[in-house]
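Asks: I'm passing along my_file03.cif; it holds mmCIF, C-alpha atoms.
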```cif
data_run
loop_
_atom_site.label_atom_id
_atom_site.label_comp_id
_atom_site.auth_asym_id
_atom_site.auth_seq_id
_atom_site.Cartn_x
_atom_site.Cartn_y
_atom_site.Cartn_z
CA MET A 1 146.83 101.22 67.83
CA ILE A 2 146.58 98.40 70.37
CA VAL A 3 144.01 99.16 73.07
CA THR A 4 143.08 97.21 76.19
CA THR A 5 139.62 98.21 77.37
CA LYS A 6 136.47 97.03 79.06
CA ALA A 7 133.54 96.56 76.69
CA ILE A 8 129.89 95.49 76.64
CA VAL A 9 128.44 93.36 73.84
CA LEU A 10 125.66 95.08 71.88
CA SER A 11 125.24 92.65 68.99
CA ALA A 12 126.80 89.75 67.13
CA LEU A 13 125.85 89.01 63.52
CA ARG A 14 126.89 85.94 61.58
CA TYR A 15 129.05 86.71 58.56
CA GLY A 16 129.43 83.86 56.11
CA ASP A 17 129.71 80.36 57.53
CA THR A 18 132.41 80.86 60.13
CA SER A 19 132.71 84.54 61.11
CA LEU A 20 130.98 87.13 63.27
CA ILE A 21 130.68 90.89 63.12
CA VAL A 22 130.31 92.11 66.68
CA ARG A 23 129.44 95.56 67.96
CA LEU A 24 130.74 96.55 71.38
CA PHE A 25 130.38 99.61 73.55
CA SER A 26 133.91 100.12 74.83
CA GLU A 27 135.01 102.15 77.82
CA SER A 28 137.87 103.69 75.81
CA ASP A 29 136.25 104.46 72.43
CA GLY A 30 132.46 104.16 72.62
CA VAL A 31 130.84 102.06 69.88
CA LYS A 32 133.23 99.92 67.84
CA SER A 33 132.59 97.07 65.39
CA TYR A 34 134.88 94.10 64.87
CA MET A 35 135.29 91.29 62.37
CA LEU A 36 135.99 87.93 64.03
CA LYS A 37 137.14 85.69 61.23
CA GLY A 38 136.67 81.95 61.72
CA VAL A 39 135.43 82.25 65.30
CA LEU A 40 132.46 79.94 64.62
CA ALA A 41 134.69 77.20 63.24
CA SER A 42 137.50 77.28 65.77
CA LYS A 43 137.18 75.25 68.96
CA LYS A 44 140.72 75.85 70.19
CA GLY A 45 141.02 79.61 69.63
CA LYS A 46 141.16 81.91 72.66
CA ILE A 47 138.28 84.03 71.35
CA LYS A 48 135.08 82.01 71.86
CA LYS A 49 131.71 82.74 70.27
CA GLY A 50 130.10 82.36 73.70
CA TYR A 51 131.68 85.64 74.79
CA PHE A 52 129.38 87.60 72.48
CA GLN A 53 125.93 87.06 73.94
CA PRO A 54 123.94 90.29 74.44
CA LEU A 55 125.20 92.52 77.27
CA THR A 56 128.18 90.34 78.16
CA GLN A 57 130.87 92.37 79.93
CA LEU A 58 134.39 91.84 78.64
CA GLU A 59 137.94 93.05 78.68
CA VAL A 60 139.33 93.09 75.14
CA VAL A 61 142.69 93.69 73.55
CA ALA A 62 141.81 95.36 70.26
CA ASN A 63 143.59 96.73 67.23
CA HIS A 64 141.93 100.08 66.47
CA LYS A 65 142.92 101.58 63.13
CA ASN A 66 140.12 104.18 63.39
CA LYS A 67 139.64 104.36 59.62
CA GLY A 68 135.91 103.69 59.58
CA THR A 69 136.38 100.01 58.82
CA LEU A 70 135.83 96.91 60.94
CA GLU A 71 138.43 96.54 63.67
CA SER A 72 140.02 93.34 65.00
CA LEU A 73 140.34 91.70 68.41
CA ARG A 74 143.51 90.04 69.70
CA ASP A 75 142.22 88.75 73.02
CA VAL A 76 138.98 88.60 75.00
CA LYS A 77 138.15 87.66 78.58
CA LEU A 78 135.10 87.97 80.81
CA THR A 79 135.09 90.67 83.47
CA THR A 80 131.68 89.69 84.85
CA SER A 81 130.29 86.18 85.08
CA TYR A 82 126.53 86.61 85.09
CA GLU A 83 124.63 84.18 87.26
CA THR A 84 121.13 84.58 85.80
CA LEU A 85 121.01 87.25 83.09
CA GLN A 86 121.75 84.92 80.19
CA THR A 87 120.13 81.73 81.52
CA ASP A 88 116.85 82.98 83.01
CA VAL A 89 114.29 83.16 80.19
CA LEU A 90 112.72 86.39 81.41
CA LYS A 91 116.05 88.15 81.88
CA SER A 92 117.50 86.92 78.60
CA SER A 93 114.41 88.22 76.77
CA MET A 94 114.93 91.59 78.42
CA ALA A 95 118.67 91.53 77.63
CA LEU A 96 117.94 90.92 73.94
CA PHE A 97 115.49 93.83 73.84
CA LEU A 98 117.85 96.20 75.65
CA SER A 99 120.79 95.25 73.44
CA GLU A 100 118.69 96.06 70.37
CA MET A 101 117.69 99.39 71.91
CA LEU A 102 121.34 100.20 72.56
CA VAL A 103 122.36 99.31 69.01
CA VAL A 104 119.95 101.88 67.58
CA SER A 105 120.57 104.45 70.33
CA LEU A 106 124.37 104.46 70.71
CA GLN A 107 126.31 105.65 67.67
CA GLU A 108 129.25 107.71 68.93
CA GLU A 109 132.80 106.42 68.56
CA GLU A 110 134.18 108.35 71.51
CA GLU A 111 134.94 107.78 75.17
CA ASN A 112 131.99 108.14 77.52
CA LYS A 113 132.93 106.62 80.87
CA PRO A 114 129.82 107.82 82.75
CA LEU A 115 127.63 106.03 80.21
CA PHE A 116 129.80 102.92 80.29
CA ASN A 117 129.65 102.84 84.11
CA PHE A 118 125.86 103.24 84.01
CA LEU A 119 125.49 100.33 81.59
CA SER A 120 127.81 98.10 83.59
CA TYR A 121 126.03 98.85 86.86
CA SER A 122 122.60 98.39 85.26
CA PHE A 123 123.31 94.93 83.90
CA ASP A 124 124.95 93.83 87.15
CA TRP A 125 121.77 94.96 88.95
CA LEU A 126 119.56 93.04 86.50
CA ASP A 127 121.65 89.91 86.97
CA ARG A 128 121.41 89.86 90.75
CA SER A 129 117.82 91.06 91.19
CA GLU A 130 114.60 89.07 91.31
CA GLU A 131 111.98 91.80 90.84
CA ILE A 132 112.67 92.98 87.30
CA ALA A 133 109.26 93.67 85.72
CA ASN A 134 109.90 97.44 85.61
CA PHE A 135 113.64 97.29 84.96
CA HIS A 136 113.58 97.83 81.18
CA ILE A 137 111.33 100.86 81.51
CA SER A 138 113.40 102.42 84.30
CA PHE A 139 116.54 101.71 82.27
CA LEU A 140 115.19 103.51 79.20
CA VAL A 141 114.17 106.52 81.29
CA GLN A 142 117.59 106.75 82.94
CA LEU A 143 119.44 106.18 79.66
CA THR A 144 118.02 109.41 78.21
CA GLN A 145 120.23 111.34 80.64
CA TYR A 146 123.26 110.10 78.71
CA LEU A 147 121.66 110.55 75.28
CA GLY A 148 120.78 114.20 75.85
CA PHE A 149 116.99 114.19 76.04
CA TYR A 150 116.09 113.44 79.66
CA PRO A 151 112.54 114.67 80.34
CA ASP A 152 112.18 118.19 81.72
CA ASP A 153 110.30 117.62 84.98
CA SER A 154 110.07 121.27 86.09
CA ASN A 155 106.29 121.19 85.51
CA ILE A 156 105.72 117.59 86.52
CA ASN A 157 102.27 118.30 87.99
CA LEU A 158 100.79 119.18 84.59
CA PRO A 159 98.42 116.57 83.07
CA TYR A 160 100.28 115.64 79.87
CA PHE A 161 103.82 114.81 78.77
CA ASP A 162 104.68 116.12 75.33
CA LEU A 163 106.80 113.45 73.60
CA THR A 164 108.16 115.85 70.99
CA GLU A 165 109.17 118.64 73.36
CA GLY A 166 110.15 116.33 76.22
CA GLU A 167 108.26 118.31 78.86
CA PHE A 168 105.02 118.32 80.83
CA VAL A 169 102.32 120.51 79.33
CA PRO A 170 98.80 121.71 80.25
CA THR A 171 97.05 121.07 76.95
CA LEU A 172 97.05 118.63 74.04
CA TYR A 173 99.20 119.76 71.12
CA ASN A 174 101.77 117.23 69.94
CA GLU A 175 101.81 113.51 70.74
CA VAL A 176 101.39 113.15 74.49
CA MET A 177 101.46 110.65 77.32
CA GLU A 178 98.54 110.75 79.73
CA GLY A 179 96.49 108.70 82.16
CA ALA A 180 97.87 105.65 83.97
CA PRO A 181 101.12 105.43 81.93
CA LEU A 182 101.84 109.07 82.77
CA LEU A 183 101.33 108.49 86.50
CA ALA A 184 103.81 105.61 86.44
CA PHE A 185 106.23 107.63 84.30
CA LYS A 186 106.22 110.46 86.85
CA GLN A 187 107.09 108.01 89.61
CA LEU A 188 109.99 106.59 87.58
CA LEU A 189 111.60 109.98 86.95
CA ASN A 190 114.61 110.43 89.23
CA ALA A 191 114.06 106.93 90.67
CA ASP A 192 116.85 104.36 90.81
CA PHE A 193 116.30 100.69 90.01
CA ASP A 194 115.50 99.77 93.60
CA ALA A 195 112.86 102.50 93.83
CA SER A 196 111.42 101.58 90.43
CA LYS A 197 110.51 98.12 91.77
CA GLU A 198 107.91 99.80 93.98
CA VAL A 199 106.06 101.48 91.09
CA LYS A 200 102.79 99.60 90.59
CA MET A 201 101.72 98.91 87.01
CA ASN A 202 99.49 96.29 85.44
CA ARG A 203 100.47 94.69 82.14
CA GLN A 204 98.36 97.08 80.08
CA THR A 205 99.88 100.18 81.68
CA ARG A 206 103.40 98.81 81.42
CA ALA A 207 102.93 97.99 77.73
CA ALA A 208 101.49 101.43 76.99
CA LEU A 209 104.30 103.20 78.85
CA LEU A 210 106.94 101.19 77.00
CA ASN A 211 105.37 102.07 73.66
CA HIS A 212 105.37 105.76 74.64
CA LEU A 213 109.04 105.56 75.59
CA ILE A 214 109.98 103.90 72.32
CA ARG A 215 108.12 106.65 70.48
CA PHE A 216 109.97 109.22 72.64
CA TYR A 217 113.27 107.70 71.50
CA GLN A 218 112.09 107.64 67.90
CA LEU A 219 111.31 111.36 68.00
CA HIS A 220 114.69 112.29 69.47
CA LEU A 221 117.13 109.96 67.70
CA ASN A 222 117.98 109.90 64.01
CA ASP A 223 117.38 106.66 62.08
CA PHE A 224 115.76 104.96 65.08
CA LYS A 225 114.08 101.62 64.38
CA LYS A 226 111.83 99.67 66.71
CA PRO A 227 113.56 96.57 68.12
CA ARG A 228 112.39 93.33 66.58
CA SER A 229 112.28 91.73 70.02
CA LEU A 230 109.69 94.22 71.33
CA GLU A 231 106.75 91.90 70.62
CA ILE A 232 108.37 89.05 72.56
CA LEU A 233 109.10 91.35 75.49
CA GLN A 234 105.53 92.63 75.52
CA GLN A 235 104.26 89.07 75.72
CA VAL A 236 106.51 88.37 78.70
CA PHE A 237 106.21 91.56 80.73
CA GLY A 238 103.62 93.80 79.10
#
```
Would you mind writing the structure in this file as structure tokens?
Replies:
Amino acid sequence: MIVTTKAIVLSALRYGDTSLIVRLFSESDGVKSYMLKGVLASKKGKIKKGYFQPLTQLEVVANHKNKGTLESLRDVKLTTSYETLQTDVLKSSMALFLSEMLVVSLQEEEENKPLFNFLSYSFDWLDRSEEIANFHISFLVQLTQYLGFYPDDSNINLPYFDLTEGEFVPTLYNEVMEGAPLLAFKQLLNADFDASKEVKMNRQTRAALLNHLIRFYQLHLNDFKKPRSLEILQQVFG
């Protein structure tokens, strides 16, 4: 079936000397993987390797056989020309980390337009904004709404956040978040990206909160693996 859809690049892996296997999150079908034969060798083809940098937003014409095998692309064009996201060192480091997080978090091959719209808006915001130190943390908090394990904040005034149960609790039992990371976490709940810029965190608190969030994901997603780019991101932002 030939499908024309918007899509966001999650990953691109070299296959052999001249090909790529790319994973996209499409507006029409969720996560799909494609084999791009010879794309690294061809300079005249209409599908360029430069289209497949992390978080690039595209419109693709794809052949979806839906048989559990790699699909193919017939045409690709940019829908969003980022101004800074892929050229600014800080933003590109964050984009690499977030793309790795999405690869291990998004698995469903089905339409999810609210999630697609959230991703598209998020990366547009990152591209045009200057204050981004808290963006990746706010993004991971908001993303849990679409993954089905958004924190239960009905008892937000309690002193601990239980990572296993996903709720605020009065006593230590499972793994918990507490102290300065917890205070920042409470401020980020139900906050949009603009509001998240106002949350004050030092590097140590930001690093601890990010580690808690990654552990939160690990506890609630099957086969979750820590992104390899986490260490680089921690060095840049904490």
Asks: Hey, can you check how far atom CA of A:Tyr217 sits from atom CA of A:Glu175?
Replies: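 Atom CA of A:Tyr217 sits 12.9 Å away from atom CA of A:Glu175.
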Asks: Between A:Asn134, A:Lys226, A:Gly45, A:Thr79, which residue has the minimum interatomic distance to A:Lys200, considering only C-alpha atoms?
Replies: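 When distances to A:Lys200 are compared using only C-alpha atoms, the smallest one comes from A:Asn134.
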Asks: Please provide as a list in words all residues within 12 Å of A:Glu83, with the sequence filter that same-chain residues fewer than 6 positions apart are discarded (counting all atoms listed in the file).
Replies: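 Non-adjacent residues within range: Thr56, Lys91, Ser92, Phe123, Asp124, Trp125, Leu126, Asp127, Arg128, Ser129 and Glu130 of chain A.
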Asks: Emit the selected residues as a short mmCIF file (atom, residue, chain, number, x, y, z; two decimals), in the coordinates of the input, including C-alpha atoms.
Replies:
```cif
data_model
loop_
_atom_site.label_atom_id
_atom_site.label_comp_id
_atom_site.auth_asym_id
_atom_site.auth_seq_id
_atom_site.Cartn_x
_atom_site.Cartn_y
_atom_site.Cartn_z
CA THR A 56 128.18 90.34 78.16
CA LYS A 91 116.05 88.15 81.88
CA SER A 92 117.50 86.92 78.60
CA PHE A 123 123.31 94.93 83.90
CA ASP A 124 124.95 93.83 87.15
CA TRP A 125 121.77 94.96 88.95
CA LEU A 126 119.56 93.04 86.50
CA ASP A 127 121.65 89.91 86.97
CA ARG A 128 121.41 89.86 90.75
CA SER A 129 117.82 91.06 91.19
CA GLU A 130 114.60 89.07 91.31
#
```
Asks: Identify, on the basis of all atoms listed in the file, every residue whose closest approach to stretch 144-147 of chain A does not exceed 12 Å; exclude the query and any residue fewer than 6 positions from it along the same chain; express the result as a ChimeraX atom specification.
Replies: /A:101-102,104-108,112-119,137-138,166,189-190,213-214,216-217,220-222
Asks: Would you pick out the contacts of A:Arg74 at 12 Å or less, using all atoms listed in the file, so that residues sharing its chain but fewer than 5 positions from it are not included, and give the list as a list in words?
Replies: Met1, Ile2, Val3, Thr4, Thr5, Tyr34, Met35, Leu36, Lys37, Gly45, Lys46, Ile47, Lys48, Glu59, Val60, Val61, Ala62, Asn63 and His64 of chain A
Asks: Please dump the current selection as a compact mmCIF listing (two decimals), in the coordinates of the input; keep C-alpha atoms.
Replies:
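Listing of part.txt after writing:
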```txt
# COMPACT_ATOMS: atom_id res chain seq x y z
CA MET A 1 146.83 101.22 67.83
CA ILE A 2 146.58 98.40 70.37
CA VAL A 3 144.01 99.16 73.07
CA THR A 4 143.08 97.21 76.19
CA THR A 5 139.62 98.21 77.37
CA TYR A 34 134.88 94.10 64.87
CA MET A 35 135.29 91.29 62.37
CA LEU A 36 135.99 87.93 64.03
CA LYS A 37 137.14 85.69 61.23
CA GLY A 45 141.02 79.61 69.63
CA LYS A 46 141.16 81.91 72.66
CA ILE A 47 138.28 84.03 71.35
CA LYS A 48 135.08 82.01 71.86
CA GLU A 59 137.94 93.05 78.68
CA VAL A 60 139.33 93.09 75.14
CA VAL A 61 142.69 93.69 73.55
CA ALA A 62 141.81 95.36 70.26
CA ASN A 63 143.59 96.73 67.23
CA HIS A 64 141.93 100.08 66.47
```
Asks: With distances taken over all atoms listed in the file, which of A:Tyr51, A:Phe224, A:Phe135, A:Phe185 is nearest to A:Leu90?
Replies: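 Counting all atoms listed in the file, the residue closest to A:Leu90 is A:Phe135.
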Asks: Once the PyMOL selection byres ((chain A and resi 11-16) around 12) has been evaluated on this model, what residues remain selected, and can you format them as a VMD selection string?
Replies: chain A and resid 7 to 10 17 to 25 31 to 41 49 to 56 95 to 104 106
Asks: Just to confirm, what's the straight-line distance from atom CA of A:Pro181 to atom CA of A:Thr205 in Å (one decimal)?
Replies: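 Rounded to one decimal, the two atoms are 5.4 Å apart.
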Asks: List every protein, DNA or RNA residue that has at least one atom no more than 8 Å from (115.1, 105.1, 88.5) in the file's coordinates, counting all atoms listed in the file, and write the result as a list of chain:residue names.
Replies: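 Those residues, ordered by chain and then number, are A:Ser138, A:Phe139, A:Val141, A:Gln142, A:Leu188, A:Leu189, A:Asn190, A:Ala191, A:Asp192, A:Phe193, A:Asp194, A:Ala195, A:Ser196.
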Asks: Counting all atoms listed in the file, figure out which residue out of A:Leu209, A:Glu27, A:Asn157, A:Phe168 gets nearest to A:Ala180.
Replies: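 Selected residue with least distance to A:Ala180: A:Leu209.
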Asks: Pull out every residue that the PyMOL selection byres ((chain A and resi 111) around 6) matches in the shown coordinates and put them as a PDB file with C-alpha atoms, in the frame of the given file.
Replies:
```pdb
ATOM      1  CA  SER A  28     137.870 103.690  75.810  1.00  0.00           C
ATOM      2  CA  ASP A  29     136.250 104.460  72.430  1.00  0.00           C
ATOM      3  CA  GLY A  30     132.460 104.160  72.620  1.00  0.00           C
ATOM      4  CA  GLU A 110     134.180 108.350  71.510  1.00  0.00           C
ATOM      5  CA  ASN A 112     131.990 108.140  77.520  1.00  0.00           C
TER       6      ASN A 112
END
```
Asks: In Å, with one decimal, what is the gap from atom CA of A:Lys186 to atom CA of A:Ser229?
Replies: 25.9 Å
Asks: Which residue, A:Gln218, A:Gln235, A:Leu163, A:Arg206, has the smallest gap to A:Leu183 when you use all atoms listed in the file?
Replies: A:Arg206
Asks: Which polymer residues have any atom within 8 Å of an atom of A:Tyr160, counting only C-alpha atoms, with same-chain residues fewer than 5 positions away left out, as a list in words?
Replies: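 Within the cut-off, the hits are Phe168, Val169, Pro170, Thr171, Leu172, Val176, Met177, Glu178 and Leu182 of chain A.
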Asks: Could you tell me which of A:Leu58, A:Ala133, A:Leu210, A:Ala184 comes closest to A:Ser93 if we count only C-alpha atoms?
Replies: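 Nearest candidate to A:Ser93 out of A:Leu58, A:Ala133, A:Leu210, A:Ala184: A:Ala133.
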Asks: Once you add 6 Å to each side, what are the centre and edge lengths of the axis-aligned box holding all listed atoms of stretch 148-157 of chain A? One decimal in Å, as AutoDock Vina command-line options, if you can.
Replies:
```
--center_x 111.5 --center_y 117.4 --center_z 81.9 --size_x 30.5 --size_y 19.8 --size_z 24.1
```
Asks: Supply stretch 154-170 of chain A as a PDB file, keeping the file's coordinate frame, with N, CA, C and O atoms built in where the input has gaps.
Replies:
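The resulting file, rebuild31.pdb, is shown below:
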```pdb
ATOM      1  N   SER A 154     110.310 120.043  85.321  1.00  0.00           N
ATOM      2  CA  SER A 154     110.070 121.270  86.090  1.00  0.00           C
ATOM      3  C   SER A 154     108.584 121.550  86.277  1.00  0.00           C
ATOM      4  O   SER A 154     108.198 122.237  87.221  1.00  0.00           O
ATOM      5  N   ASN A 155     107.744 121.018  85.384  1.00  0.00           N
ATOM      6  CA  ASN A 155     106.290 121.190  85.510  1.00  0.00           C
ATOM      7  C   ASN A 155     105.605 119.836  85.609  1.00  0.00           C
ATOM      8  O   ASN A 155     104.597 119.576  84.939  1.00  0.00           O
ATOM      9  N   ILE A 156     106.135 118.994  86.468  1.00  0.00           N
ATOM     10  CA  ILE A 156     105.720 117.590  86.520  1.00  0.00           C
ATOM     11  C   ILE A 156     104.248 117.421  86.931  1.00  0.00           C
ATOM     12  O   ILE A 156     103.635 116.381  86.665  1.00  0.00           O
ATOM     13  N   ASN A 157     103.657 118.425  87.549  1.00  0.00           N
ATOM     14  CA  ASN A 157     102.270 118.300  87.990  1.00  0.00           C
ATOM     15  C   ASN A 157     101.250 118.538  86.880  1.00  0.00           C
ATOM     16  O   ASN A 157     100.044 118.358  87.091  1.00  0.00           O
ATOM     17  N   LEU A 158     101.704 118.954  85.708  1.00  0.00           N
ATOM     18  CA  LEU A 158     100.790 119.180  84.590  1.00  0.00           C
ATOM     19  C   LEU A 158     100.271 117.833  84.053  1.00  0.00           C
ATOM     20  O   LEU A 158     100.917 116.801  84.230  1.00  0.00           O
ATOM     21  N   PRO A 159      99.127 117.833  83.372  1.00  0.00           N
ATOM     22  CA  PRO A 159      98.420 116.570  83.070  1.00  0.00           C
ATOM     23  C   PRO A 159      98.892 115.789  81.855  1.00  0.00           C
ATOM     24  O   PRO A 159      98.397 114.689  81.600  1.00  0.00           O
ATOM     25  N   TYR A 160      99.812 116.338  81.069  1.00  0.00           N
ATOM     26  CA  TYR A 160     100.280 115.640  79.870  1.00  0.00           C
ATOM     27  C   TYR A 160     101.794 115.738  79.767  1.00  0.00           C
ATOM     28  O   TYR A 160     102.407 116.709  80.234  1.00  0.00           O
ATOM     29  N   PHE A 161     102.396 114.728  79.109  1.00  0.00           N
ATOM     30  CA  PHE A 161     103.820 114.810  78.770  1.00  0.00           C
ATOM     31  C   PHE A 161     103.957 114.840  77.269  1.00  0.00           C
ATOM     32  O   PHE A 161     103.528 113.905  76.577  1.00  0.00           O
ATOM     33  N   ASP A 162     104.511 115.918  76.761  1.00  0.00           N
ATOM     34  CA  ASP A 162     104.680 116.120  75.330  1.00  0.00           C
ATOM     35  C   ASP A 162     105.915 115.340  74.865  1.00  0.00           C
ATOM     36  O   ASP A 162     107.045 115.650  75.242  1.00  0.00           O
ATOM     37  N   LEU A 163     105.704 114.320  74.039  1.00  0.00           N
ATOM     38  CA  LEU A 163     106.800 113.450  73.600  1.00  0.00           C
ATOM     39  C   LEU A 163     107.777 114.177  72.683  1.00  0.00           C
ATOM     40  O   LEU A 163     108.970 113.868  72.677  1.00  0.00           O
ATOM     41  N   THR A 164     107.286 115.127  71.911  1.00  0.00           N
ATOM     42  CA  THR A 164     108.160 115.850  70.990  1.00  0.00           C
ATOM     43  C   THR A 164     109.035 116.858  71.722  1.00  0.00           C
ATOM     44  O   THR A 164     110.242 116.948  71.480  1.00  0.00           O
ATOM     45  N   GLU A 165     108.439 117.594  72.639  1.00  0.00           N
ATOM     46  CA  GLU A 165     109.170 118.640  73.360  1.00  0.00           C
ATOM     47  C   GLU A 165     109.894 118.092  74.591  1.00  0.00           C
ATOM     48  O   GLU A 165     110.783 118.756  75.131  1.00  0.00           O
ATOM     49  N   GLY A 166     109.500 116.922  75.056  1.00  0.00           N
ATOM     50  CA  GLY A 166     110.150 116.330  76.220  1.00  0.00           C
ATOM     51  C   GLY A 166     109.851 117.050  77.513  1.00  0.00           C
ATOM     52  O   GLY A 166     110.702 117.117  78.406  1.00  0.00           O
ATOM     53  N   GLU A 167     108.627 117.570  77.662  1.00  0.00           N
ATOM     54  CA  GLU A 167     108.260 118.310  78.860  1.00  0.00           C
ATOM     55  C   GLU A 167     106.780 118.120  79.167  1.00  0.00           C
ATOM     56  O   GLU A 167     105.993 117.706  78.303  1.00  0.00           O
ATOM     57  N   PHE A 168     106.412 118.427  80.403  1.00  0.00           N
ATOM     58  CA  PHE A 168     105.020 118.320  80.830  1.00  0.00           C
ATOM     59  C   PHE A 168     104.278 119.598  80.418  1.00  0.00           C
ATOM     60  O   PHE A 168     104.794 120.711  80.561  1.00  0.00           O
ATOM     61  N   VAL A 169     103.064 119.392  79.901  1.00  0.00           N
ATOM     62  CA  VAL A 169     102.320 120.510  79.330  1.00  0.00           C
ATOM     63  C   VAL A 169     100.870 120.474  79.817  1.00  0.00           C
ATOM     64  O   VAL A 169     100.349 119.425  80.211  1.00  0.00           O
ATOM     65  N   PRO A 170     100.178 121.642  79.755  1.00  0.00           N
ATOM     66  CA  PRO A 170      98.800 121.710  80.250  1.00  0.00           C
ATOM     67  C   PRO A 170      97.738 121.319  79.245  1.00  0.00           C
ATOM     68  O   PRO A 170      96.605 121.010  79.637  1.00  0.00           O
TER      69      PRO A 170
END
```
